[in-house]
Structures are given as structure tokens and as C-alpha cells.
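Notes follow once the structure below has been shown.
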Amino acid sequence: MRLVTRAAAAALRLPAARTGRVTVTRDIPVRVRDGVTLRADHYAPDLPGAHCVLIRTPYGRGGPIRLLGRLIAERGFHVVIQSCRGTYGSDGEFAPLVHERDDGLDTLDWLRRQPWWTGALGMFGASYQGFVQWAVAADAGDELRAMVAVVTASATRDSTYAGESFALDTVLTWAELLQAQTVPWLARQWELKRGQPRLARALTHLPLAEADRVATGVTVPFFQEWLRHHTPDAGYWRTRVFGERITEVRAPVAMVSGWQDIFLPAQLDDYARLRAAGARPRLVVGPWTHGSPGLLVASLREGLDWLDTHLAGRPAPQRAPVRVHVGGAGGGWRDLPDWPPPATPVRWHLRAGGGLAPEPQEHGTPDRFWYDPADPTPSLGGPLLVAQRAGAVDNRPVEARPDVLTYTSGPLPEPVEVAGPVRAEIHVRSELSYLDVFVRLCDVDRRGRSWNVCDGLVRVEPGRFPRDPSGVVVVPVTLWPTAYRFAPGHRLRVQVSGGAHPRYARNPGTGEPLGTAVTLRAGWREILSDREHPSGLELPLVRTPSTAG
């Protein structure tokens, strides 16, 4: 194993190991307050006074995470990798986010009783392994000295129901992934591959309350619950989100994310809350999706540096608090004092017939498209759970559909660099009261390829937004934040459509409940863009060239 970790450390360009002697004890029982026994593996370095790093995970303790445990241990930390309740040998039933606070605090109490415990703890992990960190962070006290939270957030509710829609692809894919975890790691790879056709069928199946059985062969309790408890006032989520106490967290936090990650907006909200409370978190956002290999490499390097500094107390190199990758031609990494950087909000107005310009037009005939949920506008790339389907892709196939409107600027005479939040305001009139508005910003290169940069979707229903006497609804759409450089000669493009399926569950147009809807109603949408109805997109310019309309 030592040869493997040496090779991995060299390939990942990790800091030098402090020891090559690591003792591994597997399947250690940890009894929690309600009598359930959780199982953990302990990676013990042959170094006196080494502090502990805890990783709690529902994804098993074998395969790549074993390598991760040894790599961290060789750099001078005790590592405890624990299977969450109901997964990989731990007793009980896995119920997302329900038991993580109590189980995590009970595990911390168990750590205090170990002979090698020093009184200082770090936590590390991505995605769900980050949620469990936030579950205990406010109550862990001064013993929690460092957190490394990768593509994750303290609150998952808003990511699950982005724009008050439902993140169908992410949730159902995750349910299928968890079901596949019930077999050994190597067999799991085959199970995941075999399950792809079933998952594809499930993503198109109605009613959604049956989709989990189509994808996995069994009813998935949390999937059913998330379909039922989807309204903003649902009490179900109050004990499953931890953002309200984030300002009580005293541990230094390192955050790593990607511009095409599913949890990016929520993670940046966490950053903003910590900054408002006077904390100084580290933030790194790169050109990654949720499962990008580059993300995993960067998070390990960043995480080891953070643990060295804040848990082990070793000297750290001076660096800026924020590091982001600016996409597009001529972008690259930028070191910043904070996020978002100072920027000038500049509005680009939609123009009837497909134009996009800084100035609104006086008059214009509304652009129309027919949205049919029986043939929903497909999602293409963007923030998805599965890296192979996510990220920036050429959007021309979806832009060729009659249910997608595009608004394109003239060629840019100078580079346009944007960094920060992106917002749209769309004036829409529909013959149906229930509809979705999807907005996507793209970079059209000199060859005509249209690369998605960021996007967002909002679900419209009676009473959510005011409707004027002519039936027009002004729909505010918050897109994913971004940092991107549009090169000279490229063009900005804004897509407007009625959905992005299966990334978001299709809107049936009827107002039927999310899980049981089966009736599909098609209808016309009109996008208005004149001085009285200035539909447009607001970009945060950090460089302000003279732009062409």
C-alpha cells in the first residue's frame, strides 16, 4: 500500500509524507445515543501528538476513500472514516440529514475517550460528507479546529427545489447511486452501468412518485418524502438544514466548489454568511462540475494545507482568501480579497426577433413559443450530479428547437469579463397559470458554437408573482454565479425556454401535486421586450469595455 500512496501523492503533487507507517483498524463499533452501532475505520500514523480528522460518509469505507485515509494519515493526522447510519455496516436506516447532528456529536464524544485523542479535531469531505460537517459544526465547540467543505452547503433545501421547481436529475440519480452502494465496490461499478437505462426511463416517467421504483426496483423513502414536502413552508426541512446556525461556527472553514456544481449558489451563501459574521473562510471556485477529477485533486491539496495550518498549527504560505478560475478565452486563475469582487452591473436587454443589446428597444412584437410538457425542452450540460453529462457543452442542438428562444449580441469589440451574481428579469405572458421560465447565458464563439456559462429556472404559479391587467408576469430569475471572460469577436447569447428536463422536473401546466401529476397541458408563451417590458439580463462587469449592440 505504501507504494500506491507514494505514486498517488506524486501524481497529485501533495506535500511530503511525514510518516510511512500507518496502522489501520477496521470496523470499529461506535454506539450512539439511541443504541445504534456505527462502524468506522481508523488510520493511525506513527507520530505522537497527531490530531484527528473525521470523515463521515454514506458512500462506504472501501475503494478510493481508503487511499484518501492513508494519504491524510501519512501527512500527520489520525483519520477516522465512519459510515453514516444505515450504510456499509452501520446499523439503522439511512435517512438523509435526519440523524447526522446527533450521530456526529456522539462520534465526537467517542473520539474524546480514545487514548490518542489530543482535544483537537478537523473534518473533511465533499457533498454529503460536507453536510454532516455543518450538522455538528455549531455544537462542536472549540475542539473543532478546521473544516474542509467541498461542493456542499449547510442547507440543501433550496438546491433540491431550485427556483421552487424540483431537481429531478440530481435527486433521482442520487437515489439510484445510494441503492447501488448496497453491493461491494467493484460490483457497484457494474451495477451503476447496468442501471443507466433504468434511470433514463425513470427520468421520463410519470407520476414521479413511481420513478424511484422504476430506477431502483424499490421505493426510496426520502425520495417520496421530498416529493411530498416541496413547498417553501414545509416544516419537514427545518431540522434538515443547518444554515440558521452558521454564524455560531467558530472553526476556520475552507470551501472548494466549481462553477458548474449543483450546490454552488448555496455554498456561496454560506461564504457570505460567514463573512458577515466576521469569519475569514478560504474560498476556491474552479472550472469544475460536482464530480470532476480536477475538483478532487484541488480539494485534497487545499484541504491538506488548511488542516496543516489550522489543525496542526504548522506555518502556512501567505495567499489571498479567495481564488477563482475565470472561464472563457484568456481567463485563468484570479486571487481576490473577497467574493464577489467589485463590479459594475450592466444590463443587456432582449430585443424582439432575437437581438441582445445594452439599450432597450422602444417597441417590439412579443416573441412566442409553444411549450409542451409531453415533449419537454431538454437540459443540456450545466450543473448536474454526474460529471460525464455536466458542464459546458455546445448548445446548438437545443437552440435549434422551436421551444427555445435565443437573443444574441453583435460581436464584442473588446473582452468582457464578468464575476459575481447574474440575474435576469423576464416579462412573460402565458395562456396557462402554471409554467417555468428557464434562462441561460451562453458564449458564442467565432465558429458559432454556443457554450453555456450559467443559468437558472423559476417556477411560476398563481399568486407567486403579480400579473398586470394584460396578463404579463415579471419573473425574476437568479442564475448561477459565474466568473467568465468573453473574448473579442465572441457574442453573448441568452436562451429563454419553458424548462430544462430532466435536470428540473417538467411543469405539467396543471398545478397538480409534484409527485402525482400525470395530466400534461401545453400552451403558448410570449416574451415581451420593449421599453415598458424591459426583459433582460444583468451582468457584473469587472472590466467595462465599449460593447456593441
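By convention here, the chains of the C-alpha cells are called A, B, ... in the order presented, each chain's residues are numbered starting at 1, and ligands are numbered starting at 1 in the order presented.
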
Contact table range 79-189 of chain A vs range 488-505 of chain A, cut-off 9 Å, shortest pair per residue, only C-alpha atoms, as JSON lines:
{"residue": "A:Tyr161", "atom": "CA", "partner": "A:Tyr504", "partner_atom": "CA", "distance": 8.8}
{"residue": "A:Ala162", "atom": "CA", "partner": "A:Tyr504", "partner_atom": "CA", "distance": 8.4}
{"residue": "A:Ser165", "atom": "CA", "partner": "A:Tyr504", "partner_atom": "CA", "distance": 6.5}
{"residue": "A:Phe166", "atom": "CA", "partner": "A:Tyr504", "partner_atom": "CA", "distance": 5.5}
{"residue": "A:Ala167", "atom": "CA", "partner": "A:Tyr504", "partner_atom": "CA", "distance": 4.7}
{"residue": "A:Leu168", "atom": "CA", "partner": "A:Ala505", "partner_atom": "CA", "distance": 5.2}
{"residue": "A:Asp169", "atom": "CA", "partner": "A:Arg503", "partner_atom": "CA", "distance": 4.7}
{"residue": "A:Thr170", "atom": "CA", "partner": "A:Arg503", "partner_atom": "CA", "distance": 6.9}

Any chance you can output those residues with all heavy atoms as a PDB file, in the first residue's frame?
ATOM      1  N   TYR A 161     -34.916  22.266  -4.512  1.00  0.00           N
ATOM      2  CA  TYR A 161     -36.066  22.904  -5.167  1.00  0.00           C
ATOM      3  C   TYR A 161     -35.645  24.246  -5.763  1.00  0.00           C
ATOM      4  O   TYR A 161     -36.257  25.279  -5.486  1.00  0.00           O
ATOM      5  CB  TYR A 161     -37.200  23.104  -4.156  1.00  0.00           C
ATOM      6  CG  TYR A 161     -37.584  21.851  -3.427  1.00  0.00           C
ATOM      7  CD1 TYR A 161     -37.190  21.635  -2.111  1.00  0.00           C
ATOM      8  CD2 TYR A 161     -38.333  20.849  -4.051  1.00  0.00           C
ATOM      9  CE1 TYR A 161     -37.533  20.478  -1.434  1.00  0.00           C
ATOM     10  CE2 TYR A 161     -38.681  19.682  -3.380  1.00  0.00           C
ATOM     11  CZ  TYR A 161     -38.271  19.502  -2.076  1.00  0.00           C
ATOM     12  OH  TYR A 161     -38.609  18.345  -1.416  1.00  0.00           O
ATOM     13  N   ALA A 162     -34.596  24.227  -6.554  1.00  0.00           N
ATOM     14  CA  ALA A 162     -34.087  25.459  -7.159  1.00  0.00           C
ATOM     15  C   ALA A 162     -35.201  26.153  -7.931  1.00  0.00           C
ATOM     16  O   ALA A 162     -35.857  25.544  -8.784  1.00  0.00           O
ATOM     17  CB  ALA A 162     -32.917  25.152  -8.077  1.00  0.00           C
ATOM     18  N   SER A 165     -38.774  24.696  -8.336  1.00  0.00           N
ATOM     19  CA  SER A 165     -39.007  23.506  -9.146  1.00  0.00           C
ATOM     20  C   SER A 165     -38.499  22.308  -8.347  1.00  0.00           C
ATOM     21  O   SER A 165     -38.457  22.339  -7.116  1.00  0.00           O
ATOM     22  CB  SER A 165     -38.295  23.646 -10.484  1.00  0.00           C
ATOM     23  OG  SER A 165     -38.544  22.515 -11.292  1.00  0.00           O
ATOM     24  N   PHE A 166     -38.079  21.252  -9.012  1.00  0.00           N
ATOM     25  CA  PHE A 166     -37.559  20.067  -8.338  1.00  0.00           C
ATOM     26  C   PHE A 166     -36.387  19.548  -9.139  1.00  0.00           C
ATOM     27  O   PHE A 166     -36.503  19.310 -10.350  1.00  0.00           O
ATOM     28  CB  PHE A 166     -38.647  18.993  -8.234  1.00  0.00           C
ATOM     29  CG  PHE A 166     -38.210  17.729  -7.527  1.00  0.00           C
ATOM     30  CD1 PHE A 166     -37.797  17.760  -6.200  1.00  0.00           C
ATOM     31  CD2 PHE A 166     -38.236  16.511  -8.188  1.00  0.00           C
ATOM     32  CE1 PHE A 166     -37.400  16.599  -5.549  1.00  0.00           C
ATOM     33  CE2 PHE A 166     -37.850  15.348  -7.545  1.00  0.00           C
ATOM     34  CZ  PHE A 166     -37.431  15.386  -6.218  1.00  0.00           C
ATOM     35  N   ALA A 167     -35.229  19.391  -8.480  1.00  0.00           N
ATOM     36  CA  ALA A 167     -34.004  18.952  -9.152  1.00  0.00           C
ATOM     37  C   ALA A 167     -34.079  17.450  -9.410  1.00  0.00           C
ATOM     38  O   ALA A 167     -33.391  16.648  -8.782  1.00  0.00           O
ATOM     39  CB  ALA A 167     -32.789  19.294  -8.309  1.00  0.00           C
ATOM     40  N   LEU A 168     -34.897  17.066 -10.367  1.00  0.00           N
ATOM     41  CA  LEU A 168     -35.215  15.655 -10.607  1.00  0.00           C
ATOM     42  C   LEU A 168     -33.976  14.840 -10.928  1.00  0.00           C
ATOM     43  O   LEU A 168     -33.756  13.767 -10.344  1.00  0.00           O
ATOM     44  CB  LEU A 168     -36.237  15.554 -11.747  1.00  0.00           C
ATOM     45  CG  LEU A 168     -36.588  14.133 -12.199  1.00  0.00           C
ATOM     46  CD1 LEU A 168     -37.229  13.341 -11.066  1.00  0.00           C
ATOM     47  CD2 LEU A 168     -37.513  14.180 -13.425  1.00  0.00           C
ATOM     48  N   ASP A 169     -33.161  15.290 -11.862  1.00  0.00           N
ATOM     49  CA  ASP A 169     -31.998  14.510 -12.276  1.00  0.00           C
ATOM     50  C   ASP A 169     -31.070  14.250 -11.094  1.00  0.00           C
ATOM     51  O   ASP A 169     -30.629  13.115 -10.859  1.00  0.00           O
ATOM     52  CB  ASP A 169     -31.253  15.241 -13.397  1.00  0.00           C
ATOM     53  CG  ASP A 169     -30.162  14.392 -14.033  1.00  0.00           C
ATOM     54  OD1 ASP A 169     -29.174  14.093 -13.345  1.00  0.00           O
ATOM     55  OD2 ASP A 169     -30.305  14.018 -15.209  1.00  0.00           O
ATOM     56  N   THR A 170     -30.784  15.289 -10.327  1.00  0.00           N
ATOM     57  CA  THR A 170     -29.875  15.134  -9.187  1.00  0.00           C
ATOM     58  C   THR A 170     -30.446  14.192  -8.143  1.00  0.00           C
ATOM     59  O   THR A 170     -29.770  13.270  -7.676  1.00  0.00           O
ATOM     60  CB  THR A 170     -29.591  16.508  -8.557  1.00  0.00           C
ATOM     61  OG1 THR A 170     -28.770  17.264  -9.453  1.00  0.00           O
ATOM     62  CG2 THR A 170     -28.866  16.364  -7.226  1.00  0.00           C
TER      63      THR A 170
END

Next on the checklist: Set the distance at 12 Å and use only C-alpha atoms: which residues neighbour Val437 in chain A once local chain neighbours fewer than 2 positions away are removed? I'd like the list as an MDAnalysis selection string.
Outcome noted: chainID A and resid 163:165 369 371 377 403:405 424:430 434:435 439:440 455:461 473:479 495:500 504 506:507 525:527

Next on the checklist: Using only C-alpha atoms for the distances, tell me which of A:Arg368, A:Arg464, A:Arg351, A:Arg447 is nearest to Ser433 in chain A.
Outcome noted: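 Using only C-alpha atoms, the shortest distance to Ser433 in chain A belongs to A:Arg464.
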
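Neighbouring residues of Leu172 in chain A at 9 Å or closer, counting only C-alpha atoms and skipping chain neighbours under 3 positions away, are Ala167, Leu168, Asp169, Ala175, Glu176, Leu177, Leu199, Ala202, Leu203, Ala211, Asp212, Ala215 and Phe223 of chain A.
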
Next on the checklist: Could you go through range 271-419 of chain A and tell me which residues DSSP, when run on the backbone, assigns to strand (DSSP E), listing them as a ChimeraX atom specification?
Outcome noted: /A:282-289,322-326,332-336,344-351,355-357,367-371,404-408,416-419

Write out, as a Markdown table, each residue of range 93-192 of chain A that has an atom at most 7 Å from range 45-53 of chain A, together with the closest pair of atoms and their distance in Å to one decimal, counting only C-alpha atoms, rows going by chain and rising number.
| residue | atom | partner | partner_atom | distance |
| --- | --- | --- | --- | --- |
| A:Trp117 | CA | A:His51 | CA | 7.0 |
| A:Thr118 | CA | A:His51 | CA | 5.9 |
| A:Ala120 | CA | A:His51 | CA | 5.9 |
| A:Leu121 | CA | A:Cys52 | CA | 5.1 |
| A:Gly122 | CA | A:Val53 | CA | 4.5 |
| A:Met123 | CA | A:Val53 | CA | 5.3 |
| A:Phe124 | CA | A:Val53 | CA | 6.9 |

Item to check | Contacts of range 77-90 of chain A within 7 Å, only C-alpha atoms, excl. fewer than 3 positions in-chain, as a PyMOL selection string | outcome: chain A and resi 37-45+50-58+60-61+69+72-73+93-94

Write to file, as a tab-separated table (two decimals), in the first residue's frame, the residues of the selection just made, with N, CA and C atoms.
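Wrote it out as result_37.tsv, contents follow:
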chain	number	residue	atom	x	y	z
A	37	THR	N	-25.38	1.08	16.42
A	37	THR	CA	-23.92	0.96	16.32
A	37	THR	C	-23.47	1.38	14.92
A	38	LEU	N	-22.59	2.37	14.88
A	38	LEU	CA	-21.98	2.81	13.63
A	38	LEU	C	-20.61	2.18	13.51
A	39	ARG	N	-20.13	2.02	12.30
A	39	ARG	CA	-18.83	1.38	12.05
A	39	ARG	C	-17.86	2.39	11.46
A	40	ALA	N	-16.60	2.28	11.91
A	40	ALA	CA	-15.58	3.23	11.47
A	40	ALA	C	-14.26	2.52	11.27
A	41	ASP	N	-13.41	3.10	10.41
A	41	ASP	CA	-12.03	2.66	10.23
A	41	ASP	C	-11.12	3.76	10.75
A	42	HIS	N	-10.02	3.32	11.40
A	42	HIS	CA	-9.08	4.27	11.99
A	42	HIS	C	-7.71	4.09	11.34
A	43	TYR	N	-7.18	5.17	10.78
A	43	TYR	CA	-5.86	5.20	10.18
A	43	TYR	C	-4.95	5.96	11.14
A	44	ALA	N	-4.06	5.23	11.81
A	44	ALA	CA	-3.24	5.81	12.87
A	44	ALA	C	-1.80	5.98	12.41
A	45	PRO	N	-1.32	7.22	12.32
A	45	PRO	CA	0.09	7.43	11.95
A	45	PRO	C	1.00	7.17	13.15
A	50	ALA	N	-0.41	13.45	17.17
A	50	ALA	CA	-1.14	13.75	15.93
A	50	ALA	C	-2.61	14.01	16.23
A	51	HIS	N	-3.16	15.03	15.61
A	51	HIS	CA	-4.58	15.37	15.79
A	51	HIS	C	-5.44	14.52	14.86
A	52	CYS	N	-6.76	14.63	15.03
A	52	CYS	CA	-7.69	13.73	14.33
A	52	CYS	C	-8.46	14.47	13.24
A	53	VAL	N	-8.65	13.78	12.12
A	53	VAL	CA	-9.52	14.24	11.04
A	53	VAL	C	-10.65	13.23	10.89
A	54	LEU	N	-11.89	13.71	10.97
A	54	LEU	CA	-13.06	12.85	10.88
A	54	LEU	C	-13.74	13.03	9.53
A	55	ILE	N	-14.02	11.90	8.88
A	55	ILE	CA	-14.78	11.89	7.63
A	55	ILE	C	-15.98	10.97	7.86
A	56	ARG	N	-17.17	11.54	7.81
A	56	ARG	CA	-18.38	10.73	7.94
A	56	ARG	C	-19.04	10.67	6.56
A	57	THR	N	-19.40	9.45	6.11
A	57	THR	CA	-19.81	9.28	4.72
A	57	THR	C	-20.86	8.19	4.57
A	58	PRO	N	-21.79	8.35	3.64
A	58	PRO	CA	-22.71	7.26	3.30
A	58	PRO	C	-22.22	6.42	2.13
A	60	GLY	N	-19.43	4.47	1.83
A	60	GLY	CA	-18.57	3.33	2.08
A	60	GLY	C	-17.17	3.71	2.50
A	61	ARG	N	-16.47	2.70	3.05
A	61	ARG	CA	-15.11	2.93	3.55
A	61	ARG	C	-14.06	2.20	2.72
A	69	GLY	N	-7.81	8.03	3.11
A	69	GLY	CA	-7.49	7.91	4.52
A	69	GLY	C	-6.00	7.76	4.77
A	72	ILE	N	-3.99	11.12	3.98
A	72	ILE	CA	-4.08	12.12	5.04
A	72	ILE	C	-3.31	11.68	6.27
A	73	ALA	N	-3.41	10.38	6.61
A	73	ALA	CA	-2.71	9.87	7.79
A	73	ALA	C	-1.19	9.99	7.63
A	93	GLU	N	-31.28	2.83	9.77
A	93	GLU	CA	-31.76	3.13	8.43
A	93	GLU	C	-31.23	4.49	8.01
A	94	PHE	N	-30.70	4.57	6.79
A	94	PHE	CA	-30.20	5.84	6.29
A	94	PHE	C	-31.38	6.74	5.92
